[in-house]
Amino acid sequence: MWLGVDDTDSLEGGCTTLVFHDLLNALPCEHGEPRLTRLWPFAARRTRGNAALSVEIFADDSIIEWLDKYWKDNIEPLKGMISVSEHSEREQYPSDPGMTLFTTQPDEKYYWRAVRGKAEPLDFGHQWGGEGRIGAAASCAWPALTTTWEGIAWRKGVREVSEESLTIVDNMPETFLCRDPRTNRGLVAPRGPCPVMFGVRATDRYSAQKAVETLLEGSAETIGSRVFCTNQASGDHIESSITDVVETKELLKGGHVIINQRYLAFAESGDVNKSAQWLEEGDQFECLGLNYEGQIHLEAIKILKSTKKERPLCECGTRMKSMGKGQGVRCPKCKKTSSEVWQETNRIPIFDGWVQPPADKRRHLAKTLT
Ligand SMILES: [Zn+2]
């Protein structure tokens with residue numbers, strides 16, 4: 001059977017990873033590896049972390065009654081608590097927890113729908129609660145084709161992770177996004193009131209576990225820790241890249257850049273924004289981004305071709321000049337003429353290959369590109 005939980009987060013508590021950790025500890029049956037899935041970042045009611053959780057459990061139908069009681073005692077009371085949207089600090093949504101149970105894993109199509117757009121609740125399986133049922137079911141449906149791992153520990157009181165432990169973990173080749181390479185700031189400890197002490201990401205389960213143990217040695221007191229298999233850094237939210245040619249480019253208020261009235265490079269997207277500023281009409285680029293209300297929010301960009309038109313150089317090394325419309329060009333020094341009026345030369349791109357926003361501005365789902 002597949003069990004999922006989502007949307008329990010609020011300002012007053014109810015962090016979904018911790019709610020799920022407690023549920024796993026209480027389960028009266030065996031279970032498989034816990035899974036943490038990030039879903040479509042624009043889901044209207046998304047809660048702060050937007051992590052949905054799921055696990056395969058080895059139980060019979062009697063588990064339904066047990067889950068029903070657990071739901072009423074522990075998860076349902078979290079409904080209605082206020083959480084802040086990730087889009088705007090002012091936008092607030094009451095949490096609307098959901099729990100789902102399926103006898104067989106739901107079709108992966110449902111996961112793809114929920115990670116790339118808006119999904120409606122499924123109409124089968126055992127379901128408890130409200131909006132959270134969508135994420136809970138989508139997490140159950142995740143086929144886990146591209147996976148990374150995250151080890152999470154929850155704090156008892158203060159949040160404190162030692163620099164020494166962080167450095168050891170950051171130097172492990174299997175971990176990623178532990179520090180922002182530009183500012184050297186640690187990225188494992190979240191900000192704000194949530195009970196997470198740290199979340200450390202790795203490309204395999206064993207390394208995630210090792211990183212957790214290392215960080216725990218240098219942390220303040222915790223109430224528990226667990227390693228989750230995740231779809232973070234999978235790139236699952238974007239089906240394919242887009243290649244296009246620059247027709248128009250506008251610098252917007254706040255430093256954002258919009259290309260062709262369609263591709264939006266936010267000011268805080270670092271090198272992505274710089275690339276967009278650098279591009280000129282006629283340049284070719286490839287990009288990854290999410291379509292939101294008709295615009296592509298850029299998450300990565302690669303400059304493919306950029307040229308500039310210049311007057312040809314004369315044999316003597318002087319740049320030729322136009323003699324007037326349709327009259328060709330002439331060297332101002334030795335008076336040689338040419339019928340080739342323009343010469344195309346390549347501009348050297350500001351960056352080579354793919355560029356992405358700084359580590360702390362990337363989406364959880366964004367793949368690391370090189
Ligand atoms: Zn000349």
# chains A, B, ... in the order shown; residues from 1 in each chain; ligands from 1
$ residues_around --residues "Asp204 in chain A" --least-positions-apart "5" --cutoff "7 Å" --atoms "only C-alpha atoms" --output "compact mmCIF listing (two decimals) with N, CA, C and O atoms, in the first residue's frame"
# COMPACT_ATOMS: atom_id res chain seq x y z
N THR A 148 17.49 12.06 -5.77
CA THR A 148 18.59 12.44 -4.88
C THR A 148 18.07 12.15 -3.48
O THR A 148 16.91 11.75 -3.32
N TRP A 149 18.90 12.38 -2.46
CA TRP A 149 18.47 12.09 -1.08
C TRP A 149 18.64 13.33 -0.22
O TRP A 149 19.52 14.16 -0.49
N GLU A 174 29.73 13.69 -2.63
CA GLU A 174 28.36 13.26 -2.92
C GLU A 174 27.30 14.25 -2.43
O GLU A 174 26.13 14.09 -2.76
$ closest_atom_pairs --of "chain A" --to "ligand 1" --cutoff "6 Å" --atoms "only C-alpha atoms and all ligand atoms" --output "tab-separated table"
residue	atom	partner	partner_atom_place_in_ligand_line	distance
A:Cys314	CA	ligand 1	1 (Zn)	4.6
A:Glu315	CA	ligand 1	1 (Zn)	5.6
A:Cys316	CA	ligand 1	1 (Zn)	4.3
A:Thr318	CA	ligand 1	1 (Zn)	5.4
A:Cys331	CA	ligand 1	1 (Zn)	4.7
A:Lys333	CA	ligand 1	1 (Zn)	5.2
A:Cys334	CA	ligand 1	1 (Zn)	4.3
A:Lys336	CA	ligand 1	1 (Zn)	5.8
$ write_last_selection --atoms "N, CA and C atoms" --output "PDB file, in the first residue's frame"
ATOM      1  N   CYS A 314      39.604  46.879 -44.581  1.00  0.00           N
ATOM      2  CA  CYS A 314      40.378  47.009 -45.821  1.00  0.00           C
ATOM      3  C   CYS A 314      41.701  46.248 -45.662  1.00  0.00           C
ATOM      4  N   GLU A 315      42.383  45.938 -46.769  1.00  0.00           N
ATOM      5  CA  GLU A 315      43.689  45.248 -46.726  1.00  0.00           C
ATOM      6  C   GLU A 315      44.694  46.025 -45.877  1.00  0.00           C
ATOM      7  N   CYS A 316      44.528  47.335 -45.860  1.00  0.00           N
ATOM      8  CA  CYS A 316      45.472  48.168 -45.106  1.00  0.00           C
ATOM      9  C   CYS A 316      45.160  48.175 -43.606  1.00  0.00           C
ATOM     10  N   THR A 318      42.297  49.304 -42.208  1.00  0.00           N
ATOM     11  CA  THR A 318      41.349  50.349 -41.816  1.00  0.00           C
ATOM     12  C   THR A 318      39.921  49.855 -42.027  1.00  0.00           C
ATOM     13  N   CYS A 331      37.462  52.470 -48.379  1.00  0.00           N
ATOM     14  CA  CYS A 331      38.449  52.721 -47.325  1.00  0.00           C
ATOM     15  C   CYS A 331      38.751  54.217 -47.289  1.00  0.00           C
ATOM     16  N   LYS A 333      41.240  55.605 -46.135  1.00  0.00           N
ATOM     17  CA  LYS A 333      42.670  55.886 -46.217  1.00  0.00           C
ATOM     18  C   LYS A 333      43.171  55.702 -47.648  1.00  0.00           C
ATOM     19  N   CYS A 334      43.044  54.410 -48.166  1.00  0.00           N
ATOM     20  CA  CYS A 334      43.617  54.146 -49.482  1.00  0.00           C
ATOM     21  C   CYS A 334      42.560  54.111 -50.572  1.00  0.00           C
ATOM     22  N   LYS A 336      40.293  52.175 -51.487  1.00  0.00           N
ATOM     23  CA  LYS A 336      39.829  50.921 -52.105  1.00  0.00           C
ATOM     24  C   LYS A 336      38.339  50.770 -51.819  1.00  0.00           C
TER      25      LYS A 336
END
$ residues_around --residues "Gln277 in chain A" --least-positions-apart "6" --cutoff "10 Å" --atoms "only C-alpha atoms" --output "MDAnalysis selection string"
chainID A and resid 249:251 255:259 265 271
$ closest_residue --among "A:Phe58, A:Trp128, A:Phe42, A:Trp142" --to "Ser234 in chain A" --atoms "only C-alpha atoms"
A:Trp142
$ select_by_dssp --residues "range 32-279 of chain A" --states "alpha helix (DSSP H)" --output "NGL selection string"
:A and (62-70 or 108-116 or 132-141 or 163-170 or 205-217 or 271-278)
$ write_last_selection --atoms "C-alpha atoms" --output "PDB file, in the first residue's frame"
ATOM      1  CA  SER A  62      -6.911  -3.026   9.175  1.00  0.00           C
ATOM      2  CA  ILE A  63      -4.459  -0.145   8.762  1.00  0.00           C
ATOM      3  CA  ILE A  64      -7.317   2.046   7.498  1.00  0.00           C
ATOM      4  CA  GLU A  65      -8.949   2.149  10.914  1.00  0.00           C
ATOM      5  CA  TRP A  66      -5.598   2.893  12.553  1.00  0.00           C
ATOM      6  CA  LEU A  67      -4.865   5.698  10.060  1.00  0.00           C
ATOM      7  CA  ASP A  68      -8.336   7.116  10.543  1.00  0.00           C
ATOM      8  CA  LYS A  69      -7.734   7.520  14.269  1.00  0.00           C
ATOM      9  CA  TYR A  70      -4.187   8.840  13.744  1.00  0.00           C
ATOM     10  CA  GLU A 108       2.861   7.969 -12.654  1.00  0.00           C
ATOM     11  CA  LYS A 109       0.863  10.193 -15.039  1.00  0.00           C
ATOM     12  CA  TYR A 110      -0.653  11.808 -11.983  1.00  0.00           C
ATOM     13  CA  TYR A 111       2.785  12.723 -10.652  1.00  0.00           C
ATOM     14  CA  TRP A 112       3.814  14.279 -13.981  1.00  0.00           C
ATOM     15  CA  ARG A 113       0.612  16.314 -14.021  1.00  0.00           C
ATOM     16  CA  ALA A 114       1.164  17.580 -10.477  1.00  0.00           C
ATOM     17  CA  VAL A 115       4.868  18.402 -10.935  1.00  0.00           C
ATOM     18  CA  ARG A 116       4.305  20.308 -14.196  1.00  0.00           C
ATOM     19  CA  GLY A 132      -3.261  18.298   0.705  1.00  0.00           C
ATOM     20  CA  ARG A 133      -4.723  15.150  -0.871  1.00  0.00           C
ATOM     21  CA  ILE A 134      -3.365  16.316  -4.250  1.00  0.00           C
ATOM     22  CA  GLY A 135       0.258  16.488  -3.138  1.00  0.00           C
ATOM     23  CA  ALA A 136      -0.100  13.361  -1.007  1.00  0.00           C
ATOM     24  CA  ALA A 137      -1.403  11.333  -3.969  1.00  0.00           C
ATOM     25  CA  ALA A 138       1.132  12.859  -6.377  1.00  0.00           C
ATOM     26  CA  SER A 139       3.940  11.850  -4.039  1.00  0.00           C
ATOM     27  CA  CYS A 140       2.564   8.288  -3.933  1.00  0.00           C
ATOM     28  CA  ALA A 141       2.490   8.303  -7.764  1.00  0.00           C
ATOM     29  CA  GLU A 163      30.819  25.430  10.829  1.00  0.00           C
ATOM     30  CA  GLU A 164      33.296  22.545  11.256  1.00  0.00           C
ATOM     31  CA  SER A 165      30.666  19.887  10.616  1.00  0.00           C
ATOM     32  CA  LEU A 166      29.294  21.874   7.703  1.00  0.00           C
ATOM     33  CA  THR A 167      32.764  22.087   6.147  1.00  0.00           C
ATOM     34  CA  ILE A 168      33.296  18.323   6.428  1.00  0.00           C
ATOM     35  CA  VAL A 169      29.908  17.658   4.867  1.00  0.00           C
ATOM     36  CA  ASP A 170      30.398  20.294   2.165  1.00  0.00           C
ATOM     37  CA  ARG A 205      21.399   7.396   0.428  1.00  0.00           C
ATOM     38  CA  TYR A 206      24.543   6.303   2.235  1.00  0.00           C
ATOM     39  CA  SER A 207      26.220   9.708   1.880  1.00  0.00           C
ATOM     40  CA  ALA A 208      23.067  11.491   3.032  1.00  0.00           C
ATOM     41  CA  GLN A 209      23.085   9.316   6.167  1.00  0.00           C
ATOM     42  CA  LYS A 210      26.783   9.942   6.739  1.00  0.00           C
ATOM     43  CA  ALA A 211      26.282  13.692   6.301  1.00  0.00           C
ATOM     44  CA  VAL A 212      23.414  13.636   8.830  1.00  0.00           C
ATOM     45  CA  GLU A 213      25.600  11.893  11.415  1.00  0.00           C
ATOM     46  CA  THR A 214      28.422  14.397  10.851  1.00  0.00           C
ATOM     47  CA  LEU A 215      26.117  17.389  11.181  1.00  0.00           C
ATOM     48  CA  LEU A 216      24.423  15.952  14.280  1.00  0.00           C
ATOM     49  CA  GLU A 217      27.797  15.894  16.042  1.00  0.00           C
ATOM     50  CA  ASP A 271      24.052  35.075 -14.170  1.00  0.00           C
ATOM     51  CA  VAL A 272      20.729  34.255 -15.879  1.00  0.00           C
ATOM     52  CA  ASN A 273      19.788  37.934 -15.612  1.00  0.00           C
ATOM     53  CA  LYS A 274      23.266  39.007 -16.755  1.00  0.00           C
ATOM     54  CA  SER A 275      23.006  36.740 -19.810  1.00  0.00           C
ATOM     55  CA  ALA A 276      19.608  38.168 -20.685  1.00  0.00           C
ATOM     56  CA  GLN A 277      20.980  41.691 -20.407  1.00  0.00           C
ATOM     57  CA  TRP A 278      23.904  40.783 -22.629  1.00  0.00           C
TER      58      TRP A 278
END
$ residues_around --residues "Ala233 in chain A" --least-positions-apart "3" --cutoff "8 Å" --atoms "only C-alpha atoms" --output "PyMOL selection string"
chain A and resi 147-148+364-368
$ write_last_selection --atoms "N, CA, C and O atoms" --output "short mmCIF file (atom, residue, chain, number, x, y, z; two decimals), in the first residue's frame"
data_model
loop_
_atom_site.label_atom_id
_atom_site.label_comp_id
_atom_site.auth_asym_id
_atom_site.auth_seq_id
_atom_site.Cartn_x
_atom_site.Cartn_y
_atom_site.Cartn_z
N THR A 147 16.55 10.52 -8.91
CA THR A 147 16.44 10.70 -7.46
C THR A 147 17.70 11.31 -6.84
O THR A 147 18.80 11.12 -7.36
N THR A 148 17.49 12.06 -5.77
CA THR A 148 18.59 12.44 -4.88
C THR A 148 18.07 12.15 -3.48
O THR A 148 16.91 11.75 -3.32
N HIS A 364 13.88 23.94 -5.68
CA HIS A 364 14.27 22.63 -5.17
C HIS A 364 14.38 21.61 -6.30
O HIS A 364 15.18 20.69 -6.27
N LEU A 365 13.53 21.78 -7.31
CA LEU A 365 13.47 20.79 -8.40
C LEU A 365 14.56 21.00 -9.45
O LEU A 365 14.80 20.12 -10.27
N ALA A 366 15.19 22.18 -9.44
CA ALA A 366 16.14 22.50 -10.51
C ALA A 366 17.34 21.57 -10.52
O ALA A 366 17.97 21.31 -9.49
N LYS A 367 17.64 21.08 -11.71
CA LYS A 367 18.78 20.21 -11.94
C LYS A 367 20.04 21.07 -11.93
O LYS A 367 20.00 22.21 -12.39
N THR A 368 21.15 20.54 -11.46
CA THR A 368 22.40 21.28 -11.56
C THR A 368 22.98 21.04 -12.95
O THR A 368 23.23 19.90 -13.33
#
$ closest_residue --among "A:Leu177, A:Asn74, A:Leu298, A:Phe266" --to "Gly254 in chain A" --atoms "only C-alpha atoms"
A:Phe266
$ atom_distance --atom1 "CA of Pro34 in chain A" --atom2 "CA of Trp2 in chain A"
10.6 Å
$ atom_distance --atom1 "CA of Phe102 in chain A" --atom2 "CA of His21 in chain A"
19.4 Å
$ atom_distance --atom1 "CA of Lys335 in chain A" --atom2 "CA of Arg347 in chain A"
28.4 Å
$ residues_around --residues "Glu293 in chain A" --least-positions-apart "3" --cutoff "12 Å" --atoms "only C-alpha atoms" --output "NGL selection string"
:A and (42 or 117 or 262-264 or 290 or 296-297)
$ residues_around --residues "Pro190 in chain A" --least-positions-apart "4" --cutoff "12 Å" --atoms "only C-alpha atoms" --output "PDB file with all heavy atoms, in the first residue's frame"
ATOM      1  N   ARG A  48       4.862  26.890   2.274  1.00  0.00           N
ATOM      2  CA  ARG A  48       6.235  27.336   2.218  1.00  0.00           C
ATOM      3  C   ARG A  48       7.215  26.329   1.592  1.00  0.00           C
ATOM      4  O   ARG A  48       7.816  26.610   0.591  1.00  0.00           O
ATOM      5  CB  ARG A  48       6.702  27.700   3.611  1.00  0.00           C
ATOM      6  CG  ARG A  48       7.710  28.780   3.610  1.00  0.00           C
ATOM      7  CD  ARG A  48       7.841  29.364   4.987  1.00  0.00           C
ATOM      8  NE  ARG A  48       7.659  30.787   5.007  1.00  0.00           N
ATOM      9  CZ  ARG A  48       8.415  31.681   4.387  1.00  0.00           C
ATOM     10  NH1 ARG A  48       9.419  31.286   3.639  1.00  0.00           N
ATOM     11  NH2 ARG A  48       8.189  32.955   4.470  1.00  0.00           N
ATOM     12  N   GLY A  49       7.358  25.189   2.196  1.00  0.00           N
ATOM     13  CA  GLY A  49       8.328  24.235   1.673  1.00  0.00           C
ATOM     14  C   GLY A  49       7.803  23.459   0.475  1.00  0.00           C
ATOM     15  O   GLY A  49       8.553  23.029  -0.365  1.00  0.00           O
ATOM     16  N   ILE A 152      17.244  14.922   6.934  1.00  0.00           N
ATOM     17  CA  ILE A 152      16.666  16.027   7.706  1.00  0.00           C
ATOM     18  C   ILE A 152      16.721  15.701   9.200  1.00  0.00           C
ATOM     19  O   ILE A 152      16.470  14.564   9.603  1.00  0.00           O
ATOM     20  CB  ILE A 152      15.196  16.275   7.280  1.00  0.00           C
ATOM     21  CG1 ILE A 152      15.147  16.674   5.796  1.00  0.00           C
ATOM     22  CG2 ILE A 152      14.545  17.371   8.146  1.00  0.00           C
ATOM     23  CD1 ILE A 152      13.748  16.906   5.256  1.00  0.00           C
ATOM     24  N   ALA A 153      17.063  16.711   9.997  1.00  0.00           N
ATOM     25  CA  ALA A 153      16.980  16.568  11.465  1.00  0.00           C
ATOM     26  C   ALA A 153      16.115  17.703  11.984  1.00  0.00           C
ATOM     27  O   ALA A 153      16.114  18.797  11.423  1.00  0.00           O
ATOM     28  CB  ALA A 153      18.375  16.635  12.087  1.00  0.00           C
ATOM     29  N   TRP A 154      15.344  17.397  13.043  1.00  0.00           N
ATOM     30  CA  TRP A 154      14.455  18.405  13.628  1.00  0.00           C
ATOM     31  C   TRP A 154      14.989  18.814  14.989  1.00  0.00           C
ATOM     32  O   TRP A 154      15.427  17.973  15.768  1.00  0.00           O
ATOM     33  CB  TRP A 154      13.037  17.847  13.732  1.00  0.00           C
ATOM     34  CG  TRP A 154      12.517  17.464  12.379  1.00  0.00           C
ATOM     35  CD1 TRP A 154      11.893  18.295  11.486  1.00  0.00           C
ATOM     36  CD2 TRP A 154      12.609  16.189  11.737  1.00  0.00           C
ATOM     37  NE1 TRP A 154      11.602  17.607  10.328  1.00  0.00           N
ATOM     38  CE2 TRP A 154      12.019  16.323  10.457  1.00  0.00           C
ATOM     39  CE3 TRP A 154      13.143  14.947  12.094  1.00  0.00           C
ATOM     40  CZ2 TRP A 154      11.935  15.252   9.552  1.00  0.00           C
ATOM     41  CZ3 TRP A 154      13.065  13.893  11.199  1.00  0.00           C
ATOM     42  CH2 TRP A 154      12.462  14.052   9.949  1.00  0.00           C
ATOM     43  N   ARG A 155      14.883  20.112  15.284  1.00  0.00           N
ATOM     44  CA  ARG A 155      15.504  20.656  16.494  1.00  0.00           C
ATOM     45  C   ARG A 155      14.571  20.558  17.700  1.00  0.00           C
ATOM     46  O   ARG A 155      13.351  20.540  17.555  1.00  0.00           O
ATOM     47  CB  ARG A 155      15.904  22.107  16.257  1.00  0.00           C
ATOM     48  CG  ARG A 155      14.755  23.046  15.942  1.00  0.00           C
ATOM     49  CD  ARG A 155      15.270  24.323  15.307  1.00  0.00           C
ATOM     50  NE  ARG A 155      14.182  25.109  14.741  1.00  0.00           N
ATOM     51  CZ  ARG A 155      13.739  26.244  15.278  1.00  0.00           C
ATOM     52  NH1 ARG A 155      14.255  26.694  16.385  1.00  0.00           N
ATOM     53  NH2 ARG A 155      12.765  26.912  14.689  1.00  0.00           N
ATOM     54  N   ARG A 159      18.285  26.552  16.817  1.00  0.00           N
ATOM     55  CA  ARG A 159      18.876  25.995  15.594  1.00  0.00           C
ATOM     56  C   ARG A 159      20.343  26.376  15.574  1.00  0.00           C
ATOM     57  O   ARG A 159      20.694  27.551  15.591  1.00  0.00           O
ATOM     58  CB  ARG A 159      18.172  26.564  14.366  1.00  0.00           C
ATOM     59  CG  ARG A 159      18.655  25.942  13.069  1.00  0.00           C
ATOM     60  CD  ARG A 159      17.967  26.549  11.871  1.00  0.00           C
ATOM     61  NE  ARG A 159      16.576  26.161  11.769  1.00  0.00           N
ATOM     62  CZ  ARG A 159      15.571  27.014  11.608  1.00  0.00           C
ATOM     63  NH1 ARG A 159      15.812  28.294  11.561  1.00  0.00           N
ATOM     64  NH2 ARG A 159      14.327  26.577  11.495  1.00  0.00           N
ATOM     65  N   GLU A 160      21.198  25.357  15.577  1.00  0.00           N
ATOM     66  CA  GLU A 160      22.626  25.624  15.615  1.00  0.00           C
ATOM     67  C   GLU A 160      23.360  24.469  14.950  1.00  0.00           C
ATOM     68  O   GLU A 160      23.230  23.322  15.364  1.00  0.00           O
ATOM     69  CB  GLU A 160      23.052  25.758  17.085  1.00  0.00           C
ATOM     70  CG  GLU A 160      24.360  26.456  17.297  1.00  0.00           C
ATOM     71  CD  GLU A 160      24.690  26.518  18.794  1.00  0.00           C
ATOM     72  OE1 GLU A 160      24.118  27.374  19.483  1.00  0.00           O
ATOM     73  OE2 GLU A 160      25.481  25.684  19.248  1.00  0.00           O
ATOM     74  N   VAL A 161      24.088  24.775  13.891  1.00  0.00           N
ATOM     75  CA  VAL A 161      24.876  23.766  13.179  1.00  0.00           C
ATOM     76  C   VAL A 161      26.301  24.293  13.115  1.00  0.00           C
ATOM     77  O   VAL A 161      26.522  25.428  12.698  1.00  0.00           O
ATOM     78  CB  VAL A 161      24.333  23.543  11.747  1.00  0.00           C
ATOM     79  CG1 VAL A 161      25.158  22.507  11.010  1.00  0.00           C
ATOM     80  CG2 VAL A 161      22.863  23.137  11.780  1.00  0.00           C
ATOM     81  N   CYS A 178      25.348  22.577  -0.203  1.00  0.00           N
ATOM     82  CA  CYS A 178      25.562  22.758   1.242  1.00  0.00           C
ATOM     83  C   CYS A 178      25.944  24.197   1.546  1.00  0.00           C
ATOM     84  O   CYS A 178      25.642  24.708   2.614  1.00  0.00           O
ATOM     85  CB  CYS A 178      26.672  21.841   1.736  1.00  0.00           C
ATOM     86  SG  CYS A 178      26.228  20.113   1.615  1.00  0.00           S
ATOM     87  N   ARG A 185      28.052  31.132   2.398  1.00  0.00           N
ATOM     88  CA  ARG A 185      27.032  30.974   3.431  1.00  0.00           C
ATOM     89  C   ARG A 185      26.480  29.544   3.393  1.00  0.00           C
ATOM     90  O   ARG A 185      26.272  28.991   2.322  1.00  0.00           O
ATOM     91  CB  ARG A 185      25.897  31.975   3.169  1.00  0.00           C
ATOM     92  CG  ARG A 185      24.907  32.111   4.300  1.00  0.00           C
ATOM     93  CD  ARG A 185      23.957  33.281   4.029  1.00  0.00           C
ATOM     94  NE  ARG A 185      23.052  33.032   2.911  1.00  0.00           N
ATOM     95  CZ  ARG A 185      21.945  32.292   2.995  1.00  0.00           C
ATOM     96  NH1 ARG A 185      21.621  31.715   4.137  1.00  0.00           N
ATOM     97  NH2 ARG A 185      21.176  32.125   1.943  1.00  0.00           N
ATOM     98  N   GLY A 186      26.270  28.952   4.574  1.00  0.00           N
ATOM     99  CA  GLY A 186      25.715  27.602   4.648  1.00  0.00           C
ATOM    100  C   GLY A 186      24.277  27.593   4.173  1.00  0.00           C
ATOM    101  O   GLY A 186      23.533  28.540   4.410  1.00  0.00           O
ATOM    102  N   CYS A 194      10.410  27.201  11.383  1.00  0.00           N
ATOM    103  CA  CYS A 194      10.137  25.772  11.206  1.00  0.00           C
ATOM    104  C   CYS A 194      11.067  24.912  12.066  1.00  0.00           C
ATOM    105  O   CYS A 194      12.165  25.334  12.428  1.00  0.00           O
ATOM    106  CB  CYS A 194      10.193  25.375   9.728  1.00  0.00           C
ATOM    107  SG  CYS A 194      11.816  24.901   9.157  1.00  0.00           S
ATOM    108  N   PRO A 195      10.627  23.720  12.409  1.00  0.00           N
ATOM    109  CA  PRO A 195      11.400  22.898  13.358  1.00  0.00           C
ATOM    110  C   PRO A 195      12.617  22.193  12.753  1.00  0.00           C
ATOM    111  O   PRO A 195      13.316  21.464  13.448  1.00  0.00           O
ATOM    112  CB  PRO A 195      10.360  21.866  13.823  1.00  0.00           C
ATOM    113  CG  PRO A 195       9.415  21.733  12.679  1.00  0.00           C
ATOM    114  CD  PRO A 195       9.340  23.096  12.056  1.00  0.00           C
ATOM    115  N   VAL A 196      12.875  22.409  11.454  1.00  0.00           N
ATOM    116  CA  VAL A 196      14.011  21.731  10.829  1.00  0.00           C
ATOM    117  C   VAL A 196      15.321  22.329  11.346  1.00  0.00           C
ATOM    118  O   VAL A 196      15.508  23.538  11.350  1.00  0.00           O
ATOM    119  CB  VAL A 196      13.933  21.854   9.280  1.00  0.00           C
ATOM    120  CG1 VAL A 196      15.214  21.364   8.631  1.00  0.00           C
ATOM    121  CG2 VAL A 196      12.732  21.083   8.751  1.00  0.00           C
ATOM    122  N   MET A 197      16.213  21.462  11.813  1.00  0.00           N
ATOM    123  CA  MET A 197      17.543  21.912  12.224  1.00  0.00           C
ATOM    124  C   MET A 197      18.400  22.069  10.970  1.00  0.00           C
ATOM    125  O   MET A 197      19.044  23.066  10.758  1.00  0.00           O
ATOM    126  CB  MET A 197      18.179  20.879  13.166  1.00  0.00           C
ATOM    127  CG  MET A 197      19.608  21.198  13.564  1.00  0.00           C
ATOM    128  SD  MET A 197      19.688  22.509  14.783  1.00  0.00           S
ATOM    129  CE  MET A 197      19.512  21.569  16.290  1.00  0.00           C
ATOM    130  N   PHE A 198      18.389  21.025  10.140  1.00  0.00           N
ATOM    131  CA  PHE A 198      19.100  21.108   8.861  1.00  0.00           C
ATOM    132  C   PHE A 198      18.522  20.093   7.882  1.00  0.00           C
ATOM    133  O   PHE A 198      17.854  19.141   8.284  1.00  0.00           O
ATOM    134  CB  PHE A 198      20.609  20.858   9.038  1.00  0.00           C
ATOM    135  CG  PHE A 198      20.957  19.513   9.616  1.00  0.00           C
ATOM    136  CD1 PHE A 198      20.937  18.356   8.836  1.00  0.00           C
ATOM    137  CD2 PHE A 198      21.337  19.394  10.953  1.00  0.00           C
ATOM    138  CE1 PHE A 198      21.262  17.119   9.377  1.00  0.00           C
ATOM    139  CE2 PHE A 198      21.656  18.161  11.506  1.00  0.00           C
ATOM    140  CZ  PHE A 198      21.622  17.020  10.708  1.00  0.00           C
ATOM    141  N   GLY A 199      18.766  20.361   6.619  1.00  0.00           N
ATOM    142  CA  GLY A 199      18.429  19.414   5.559  1.00  0.00           C
ATOM    143  C   GLY A 199      19.658  19.335   4.676  1.00  0.00           C
ATOM    144  O   GLY A 199      20.108  20.347   4.158  1.00  0.00           O
ATOM    145  N   VAL A 200      20.221  18.144   4.539  1.00  0.00           N
ATOM    146  CA  VAL A 200      21.453  18.015   3.757  1.00  0.00           C
ATOM    147  C   VAL A 200      21.211  17.085   2.567  1.00  0.00           C
ATOM    148  O   VAL A 200      20.641  16.013   2.706  1.00  0.00           O
ATOM    149  CB  VAL A 200      22.641  17.570   4.649  1.00  0.00           C
ATOM    150  CG1 VAL A 200      22.404  16.216   5.299  1.00  0.00           C
ATOM    151  CG2 VAL A 200      23.947  17.576   3.865  1.00  0.00           C
ATOM    152  N   ASP A 360      21.181  29.629  -3.708  1.00  0.00           N
ATOM    153  CA  ASP A 360      20.056  29.820  -2.789  1.00  0.00           C
ATOM    154  C   ASP A 360      18.826  30.398  -3.474  1.00  0.00           C
ATOM    155  O   ASP A 360      17.793  30.581  -2.839  1.00  0.00           O
ATOM    156  CB  ASP A 360      20.484  30.693  -1.600  1.00  0.00           C
ATOM    157  CG  ASP A 360      20.913  32.082  -2.023  1.00  0.00           C
ATOM    158  OD1 ASP A 360      21.364  32.247  -3.169  1.00  0.00           O
ATOM    159  OD2 ASP A 360      20.791  33.015  -1.209  1.00  0.00           O
TER     160      ASP A 360
END
$ closest_residue --among "A:Glu299, A:Glu76, A:Glu56, A:Asp236" --to "Leu369 in chain A" --atoms "only C-alpha atoms"
A:Glu299
$ closest_residue --among "A:Glu221, A:Asp61, A:Asp107, A:Asp73" --to "His126 in chain A" --atoms "only C-alpha atoms"
A:Asp61
$ residues_around --residues "Asp352 in chain A" --least-positions-apart "5" --cutoff "10 Å" --atoms "only C-alpha atoms" --output "list in words"
Lys302, Ile303, Leu304 and Thr370 of chain A
